[in-house]
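Peer 1: Input structure: target.txt, which contains compact mmCIF, C-alpha atoms.
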```
# COMPACT_ATOMS: atom_id res chain seq x y z
CA MET A 1 222.39 33.46 -46.46
CA ALA A 2 225.02 32.75 -49.11
CA ARG A 3 226.34 29.20 -49.39
CA ASN A 4 229.53 28.42 -47.47
CA SER A 5 231.93 27.55 -50.29
CA ASN A 6 234.13 25.54 -47.91
CA ARG A 7 231.37 22.98 -47.55
CA PRO A 8 230.86 20.31 -50.23
CA LEU A 9 227.78 20.29 -52.40
CA SER A 10 225.77 17.10 -52.56
CA PRO A 11 227.00 15.29 -55.68
CA HIS A 12 223.96 14.45 -57.71
CA LEU A 13 223.71 14.50 -61.50
CA GLN A 14 227.35 13.57 -62.12
CA ILE A 15 227.44 10.36 -60.11
CA TRP A 16 224.18 8.62 -61.05
CA ARG A 17 223.73 6.40 -64.07
CA TRP A 18 221.08 8.05 -66.22
CA GLY A 19 217.72 6.34 -66.31
CA PRO A 20 214.33 7.10 -67.88
CA ALA A 21 212.87 8.57 -64.66
CA MET A 22 215.74 11.07 -64.35
CA ALA A 23 215.49 11.99 -68.02
CA VAL A 24 211.72 12.57 -67.98
CA SER A 25 212.04 14.58 -64.77
CA ILE A 26 214.55 17.06 -66.19
CA LEU A 27 212.73 17.09 -69.55
CA HIS A 28 209.64 18.29 -67.67
CA ARG A 29 211.60 21.32 -66.50
CA ALA A 30 213.30 21.84 -69.84
CA SER A 31 210.05 21.63 -71.81
CA GLY A 32 208.30 23.88 -69.28
CA SER A 33 211.06 26.46 -69.69
CA ILE A 34 210.85 26.25 -73.52
CA LEU A 35 207.08 26.80 -73.33
CA SER A 36 207.56 29.68 -70.87
CA PHE A 37 209.92 31.61 -73.11
CA GLY A 38 209.12 30.38 -76.64
CA GLY A 39 205.46 29.43 -76.38
CA SER A 40 204.32 32.42 -74.35
CA VAL A 41 206.12 34.93 -76.60
CA MET A 42 204.67 33.33 -79.76
CA LEU A 43 201.16 33.29 -78.30
CA VAL A 44 201.27 36.91 -77.12
CA ALA A 45 202.90 38.13 -80.36
CA TRP A 46 200.18 36.38 -82.39
CA LEU A 47 197.33 37.78 -80.24
CA ALA A 48 198.82 41.29 -80.26
CA ALA A 49 199.28 41.13 -84.05
CA ILE A 50 195.62 40.22 -84.57
CA ALA A 51 194.52 42.97 -82.15
CA ALA A 52 196.70 45.55 -83.95
CA GLY A 53 194.79 44.97 -87.18
CA PRO A 54 195.15 43.45 -90.66
CA ASP A 55 198.34 45.35 -91.62
CA THR A 56 200.30 44.31 -88.53
CA TYR A 57 198.95 40.77 -88.80
CA ALA A 58 200.10 40.64 -92.43
CA LYS A 59 203.62 41.64 -91.32
CA PHE A 60 203.56 38.96 -88.62
CA ILE A 61 202.52 36.29 -91.14
CA ASP A 62 205.15 37.60 -93.56
CA CYS A 63 207.86 37.09 -90.91
CA MET A 64 206.73 33.52 -90.32
CA THR A 65 206.11 32.32 -93.87
CA ALA A 66 208.40 31.85 -96.85
CA ASP A 67 208.13 33.80 -100.06
CA GLU A 68 207.33 31.88 -103.21
CA GLY A 69 210.41 30.17 -104.64
CA ASN A 70 212.31 30.22 -101.34
CA ALA A 71 213.97 26.83 -101.02
CA LEU A 72 214.41 27.14 -97.24
CA HIS A 73 210.85 26.51 -96.23
CA ILE A 74 208.77 23.66 -94.85
CA GLY A 75 205.02 23.68 -95.28
CA GLY A 76 205.01 27.38 -96.16
CA LEU A 77 206.93 28.36 -93.01
CA ASN A 78 210.39 29.87 -93.04
CA ILE A 79 213.03 27.52 -91.68
CA ILE A 80 213.62 29.38 -88.39
CA PRO A 81 209.91 29.77 -87.52
CA PHE A 82 209.47 26.10 -88.44
CA ILE A 83 212.24 25.03 -86.03
CA VAL A 84 210.83 27.31 -83.30
CA LEU A 85 207.24 26.08 -83.72
CA PHE A 86 208.36 22.44 -84.06
CA GLY A 87 210.35 22.81 -80.81
CA ILE A 88 207.44 24.47 -79.03
CA SER A 89 205.06 21.74 -80.17
CA TRP A 90 207.45 19.02 -78.91
CA ALA A 91 207.82 20.88 -75.60
CA PHE A 92 204.03 21.12 -75.37
CA PHE A 93 203.43 17.38 -75.86
CA GLN A 94 206.37 16.44 -73.62
CA HIS A 95 205.18 18.78 -70.84
CA LEU A 96 201.59 17.57 -71.25
CA GLY A 97 202.66 13.93 -70.94
CA SER A 98 205.14 14.38 -68.10
CA GLY A 99 202.66 16.73 -66.38
CA LEU A 100 199.98 14.01 -66.49
CA ARG A 101 202.60 11.60 -65.12
CA HIS A 102 203.26 14.01 -62.25
CA LEU A 103 199.54 14.31 -61.46
CA VAL A 104 199.37 10.50 -61.19
CA LEU A 105 202.54 10.39 -59.06
CA ASP A 106 201.00 13.09 -56.82
CA THR A 107 198.30 10.60 -55.84
CA GLY A 108 201.01 8.24 -54.59
CA ALA A 109 200.61 5.81 -57.50
CA GLY A 110 203.12 4.65 -60.09
CA TYR A 111 206.29 4.44 -58.00
CA GLU A 112 206.82 0.69 -58.52
CA LEU A 113 210.12 0.36 -60.42
CA LYS A 114 208.73 -1.32 -63.53
CA THR A 115 205.62 0.90 -63.71
CA ASN A 116 207.66 4.05 -63.19
CA ARG A 117 210.20 3.04 -65.84
CA PHE A 118 207.45 2.10 -68.31
CA TRP A 119 205.60 5.42 -68.03
CA SER A 120 208.82 7.45 -68.09
CA ILE A 121 209.73 5.89 -71.44
CA ALA A 122 206.12 6.01 -72.70
CA VAL A 123 205.85 9.74 -71.96
CA MET A 124 209.07 10.55 -73.84
CA LEU A 125 208.17 8.41 -76.87
CA GLY A 126 204.58 9.73 -76.79
CA GLY A 127 205.82 13.32 -76.88
CA ILE A 128 207.93 12.62 -79.98
CA ALA A 129 205.14 10.62 -81.66
CA ALA A 130 202.51 13.31 -81.01
CA THR A 131 204.85 16.01 -82.38
CA ILE A 132 205.49 14.06 -85.58
CA ALA A 133 201.76 13.29 -85.93
CA LEU A 134 200.81 16.97 -85.53
CA TRP A 135 203.28 18.14 -88.19
CA ALA A 136 202.31 15.30 -90.53
CA LEU A 137 198.73 16.54 -90.16
CA ILE A 138 199.74 20.17 -90.80
CA LEU A 139 202.04 19.44 -93.74
CA ALA A 140 199.49 17.09 -95.33
CA ARG A 141 196.98 19.93 -95.63
CA MET B 1 197.40 25.47 -37.34
CA GLY B 2 197.13 27.26 -33.99
CA ASN B 3 198.64 30.55 -32.90
CA GLY B 4 199.49 29.72 -29.34
CA THR B 5 202.60 27.62 -28.91
CA GLY B 6 205.73 27.89 -31.05
CA ILE B 7 205.13 24.51 -32.67
CA GLY B 8 201.49 25.43 -33.34
CA ARG B 9 202.49 28.53 -35.28
CA VAL B 10 204.77 26.68 -37.70
CA ARG B 11 203.13 23.27 -38.01
CA GLY B 12 202.11 22.49 -41.59
CA LEU B 13 203.84 25.52 -43.08
CA GLY B 14 207.26 24.08 -43.97
CA SER B 15 210.32 26.04 -44.99
CA SER B 16 208.40 28.24 -47.44
CA LYS B 17 206.14 29.54 -44.58
CA GLN B 18 203.04 29.15 -46.74
CA GLY B 19 202.25 25.44 -46.51
CA GLY B 20 201.01 23.70 -49.62
CA HIS B 21 199.28 26.68 -51.22
CA HIS B 22 201.84 27.19 -54.00
CA TRP B 23 201.83 23.48 -54.79
CA VAL B 24 198.02 23.27 -54.87
CA ILE B 25 197.60 26.31 -57.15
CA HIS B 26 200.26 24.87 -59.46
CA ARG B 27 198.08 21.73 -59.81
CA PHE B 28 194.83 23.69 -60.19
CA THR B 29 196.30 25.70 -63.06
CA ALA B 30 197.70 22.45 -64.52
CA PHE B 31 194.13 21.16 -64.79
CA GLY B 32 193.10 24.44 -66.43
CA ASN B 33 195.92 24.10 -68.95
CA LEU B 34 195.00 20.46 -69.51
CA LEU B 35 191.59 21.57 -70.81
CA LEU B 36 192.47 24.86 -72.50
CA ALA B 37 195.79 24.18 -74.27
CA PRO B 38 194.43 21.20 -76.27
CA TRP B 39 191.36 23.35 -77.07
CA LEU B 40 193.65 26.01 -78.60
CA LEU B 41 195.70 23.44 -80.53
CA VAL B 42 192.63 21.64 -81.93
CA SER B 43 190.95 24.97 -82.78
CA LEU B 44 194.02 26.22 -84.68
CA VAL B 45 194.41 22.97 -86.64
CA ARG B 46 190.68 22.97 -87.48
CA LEU B 47 190.63 26.56 -88.81
CA PRO B 48 190.43 26.53 -92.62
CA ASP B 49 193.35 28.99 -92.82
CA LEU B 50 195.20 31.48 -90.61
CA SER B 51 194.25 34.63 -92.53
CA PHE B 52 193.34 37.76 -90.54
CA GLU B 53 189.65 37.46 -91.39
CA THR B 54 189.49 33.83 -90.29
CA VAL B 55 191.35 34.16 -86.98
CA ALA B 56 189.65 37.48 -86.04
CA ALA B 57 186.19 36.06 -86.77
CA TRP B 58 186.96 32.91 -84.78
CA LEU B 59 188.51 34.74 -81.81
CA SER B 60 185.71 37.33 -81.64
CA SER B 61 183.09 34.67 -80.87
CA PRO B 62 182.19 34.75 -77.15
CA PHE B 63 183.17 31.12 -76.56
CA ALA B 64 186.61 31.51 -78.11
CA SER B 65 187.25 34.88 -76.38
CA VAL B 66 186.39 33.52 -72.95
CA ALA B 67 188.35 30.31 -73.46
CA MET B 68 191.37 32.32 -74.66
CA LEU B 69 191.16 34.69 -71.65
CA LEU B 70 190.97 31.74 -69.26
CA LEU B 71 193.87 30.09 -71.10
CA VAL B 72 196.03 33.21 -70.74
CA VAL B 73 195.31 33.45 -67.00
CA SER B 74 195.82 29.72 -66.35
CA VAL B 75 198.92 29.37 -68.53
CA PHE B 76 200.71 32.48 -67.26
CA TRP B 77 199.86 31.73 -63.63
CA HIS B 78 201.15 28.16 -64.05
CA MET B 79 204.23 29.45 -65.85
CA ARG B 80 204.98 31.98 -63.11
CA MET B 81 204.79 29.27 -60.43
CA GLY B 82 206.91 26.80 -62.40
CA LEU B 83 209.68 29.26 -63.23
CA GLN B 84 209.64 30.52 -59.62
CA VAL B 85 210.52 27.00 -58.45
CA VAL B 86 213.20 26.67 -61.15
CA ILE B 87 214.76 30.00 -60.06
CA GLU B 88 214.59 29.06 -56.36
CA ASP B 89 216.30 25.74 -57.13
CA TYR B 90 219.14 27.00 -59.33
CA VAL B 91 219.84 30.64 -58.37
CA HIS B 92 221.55 30.43 -55.00
CA ASP B 93 222.75 34.01 -54.49
CA GLU B 94 220.03 35.91 -52.64
CA GLY B 95 220.51 39.12 -54.63
CA ASN B 96 220.41 37.38 -58.01
CA LYS B 97 217.43 35.34 -56.85
CA LEU B 98 215.50 38.47 -55.91
CA ILE B 99 216.29 40.14 -59.25
CA SER B 100 215.38 36.95 -61.16
CA LEU B 101 212.03 36.67 -59.39
CA LEU B 102 211.37 40.38 -59.99
CA ALA B 103 212.14 39.98 -63.70
CA LEU B 104 209.93 36.89 -63.86
CA ASN B 105 206.99 38.72 -62.29
CA ALA B 106 207.47 41.71 -64.61
CA PHE B 107 207.65 39.48 -67.71
CA VAL B 108 204.56 37.48 -66.75
CA LEU B 109 202.49 40.56 -65.85
CA ILE B 110 203.43 42.47 -69.02
CA ALA B 111 202.90 39.50 -71.34
CA ALA B 112 199.62 38.45 -69.72
CA ALA B 113 198.28 42.03 -69.70
CA LEU B 114 199.17 42.44 -73.39
CA ALA B 115 197.45 39.15 -74.19
CA VAL B 116 194.30 40.02 -72.20
CA VAL B 117 193.95 43.48 -73.78
CA SER B 118 194.51 41.97 -77.23
CA VAL B 119 191.83 39.31 -76.73
CA LEU B 120 189.38 41.90 -75.35
CA LYS B 121 190.01 44.19 -78.32
CA ILE B 122 189.46 41.36 -80.79
CA ALA B 123 186.34 40.28 -78.86
CA VAL B 124 184.84 43.78 -79.03
CA ILE B 125 185.71 44.96 -82.53
CA GLY B 126 186.32 41.58 -84.18
CA GLY B 127 187.61 41.72 -87.73
CA ALA B 128 186.43 45.32 -88.26
CA ALA B 129 189.82 46.87 -87.45
```
Please render this file's structure as structure tokens.

Peer 2:
Amino acid sequence: MARNSNRPLSPHLQIWRWGPAMAVSILHRASGSILSFGGSVMLVAWLAAIAAGPDTYAKFIDCMTADEGNALHIGGLNIIPFIVLFGISWAFFQHLGSGLRHLVLDTGAGYELKTNRFWSIAVMLGGIAATIALWALILAR
Amino acid sequence: MGNGTGIGRVRGLGSSKQGGHHWVIHRFTAFGNLLLAPWLLVSLVRLPDLSFETVAAWLSSPFASVAMLLLVVSVFWHMRMGLQVVIEDYVHDEGNKLISLLALNAFVLIAAALAVVSVLKIAVIGGAA
């Protein structure tokens, strides 16, 4: 049944002061959606390119990597693939961390205000730190 | 969950009419992803390079093929369940909701089938393409 537009909607996001728990909650959805569209397409494209053979795989790698002398590249990747992969890697670590947080919350633990606030902030900072660490590792090679 | 009285037929099922099954499978696949996604990340970082020969040889080993197949199933199943909840929460018009869920199922099935066939092909013929 369609919503009766004469009735008010519950005011939610607009009226609350933002806190870490709200932020990590919506980031879980946002990062999950990024992984669903970006991560899954990249994974399937990569697998299909390998399966199609060396020529197709070479084209795939050519799309992702910069030519010699191209200033717009980071660690051999073109700038757009770098931004896409960097975003996917952040979404991965964020979703991993907030997913682990959800599994703990599912057991009924971690709802005390201080504990909940601490892990909400820790998960967000951990996601950023792990992303930077991964790319430092890749770019250092 | 009985089938006699009215209350017995609905008890434990909630508004979705399927109880906690969706929720439980979402968690089961989360545990699968928790093992398999870090495996993929660590494997990729540990490969000496990402040339065709290297990735085809790595992915054609039985361990890597099986892990990748399980990853595809777990990840796409988890993804389908997560996006289903997102659609159900934000798409309020019943017609648009139906079309969105249909598109989601089509996308997941096509992408997962393409991934599975690709992994199987690599597993069978390896780098000899």

Peer 1: Report, in Å to a single decimal, how far apart atom CA of Trp90 of chain A and atom CA of Ile34 of chain A are.

Peer 2: 9.6 Å

Peer 1: Ranking A:Ile138, A:Ala129, A:Ala21, A:Ile50 by minimum distance to Asp49 of chain B and counting all atoms listed in the file, which one comes first?

Peer 2: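 The closest residue to Asp49 of chain B is A:Ile138.
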
Peer 1: When the cut-off is 9 Å and we count only C-alpha atoms, which residues of chain A are near chain B, given as a ChimeraX atom specification?

Peer 2: /A:1-3,29,32-33,35-36,40-41,43-45,47-54,57-58,61,92,96,99-100,103,134,137-138

Peer 1: Using all atoms listed in the file, pick whichever of A:Leu105, A:Ala136, A:Ile121, A:Ala66 has the shortest atom-to-atom distance to Ile79 of chain A.

Peer 2: A:Ala66

Peer 1: One decimal, Å: what's the distance from atom CA of Val73 of chain B over to atom CA of Gly32 of chain B, could you say?

Peer 2: 9.3 Å

Peer 1: To one decimal place in Å, what is the distance between atom CA of Leu27 of chain A and atom CA of Ser98 of chain A?

Peer 2: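 Distance between the two atoms: 8.2 Å.
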
Peer 1: Counting all atoms listed in the file, what is within 8 Å of Asn78 of chain A, bar same-chain residues fewer than 3 positions away, as a list in words?

Peer 2: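 Here the answer would be Cys63, Met64, Thr65, Ala66, Leu72, His73, Ile74, Pro81 and Phe82 of chain A.
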
Peer 1: Edge lengths and centre in Å to one decimal, as lines of an AutoDock Vina configuration file, is what I'm after for the box along x, y and z that holds all listed atoms of segment 18-21 of chain A once 4 Å is added on each side.

Peer 2:
```
center_x = 217.0
center_y = 7.5
center_z = -66.3
size_x = 16.2
size_y = 10.2
size_z = 11.2
```

Peer 1: Need the shell around segment 15-19 of chain A: protein/DNA/RNA residues with any atom at most 12 Å away, counting all atoms listed in the file. Skip same-chain ones fewer than 3 positions apart. Format as a VMD selection string?

Peer 2: chain A and resid 10 to 12 22 to 26 113 116 to 118 120 to 121
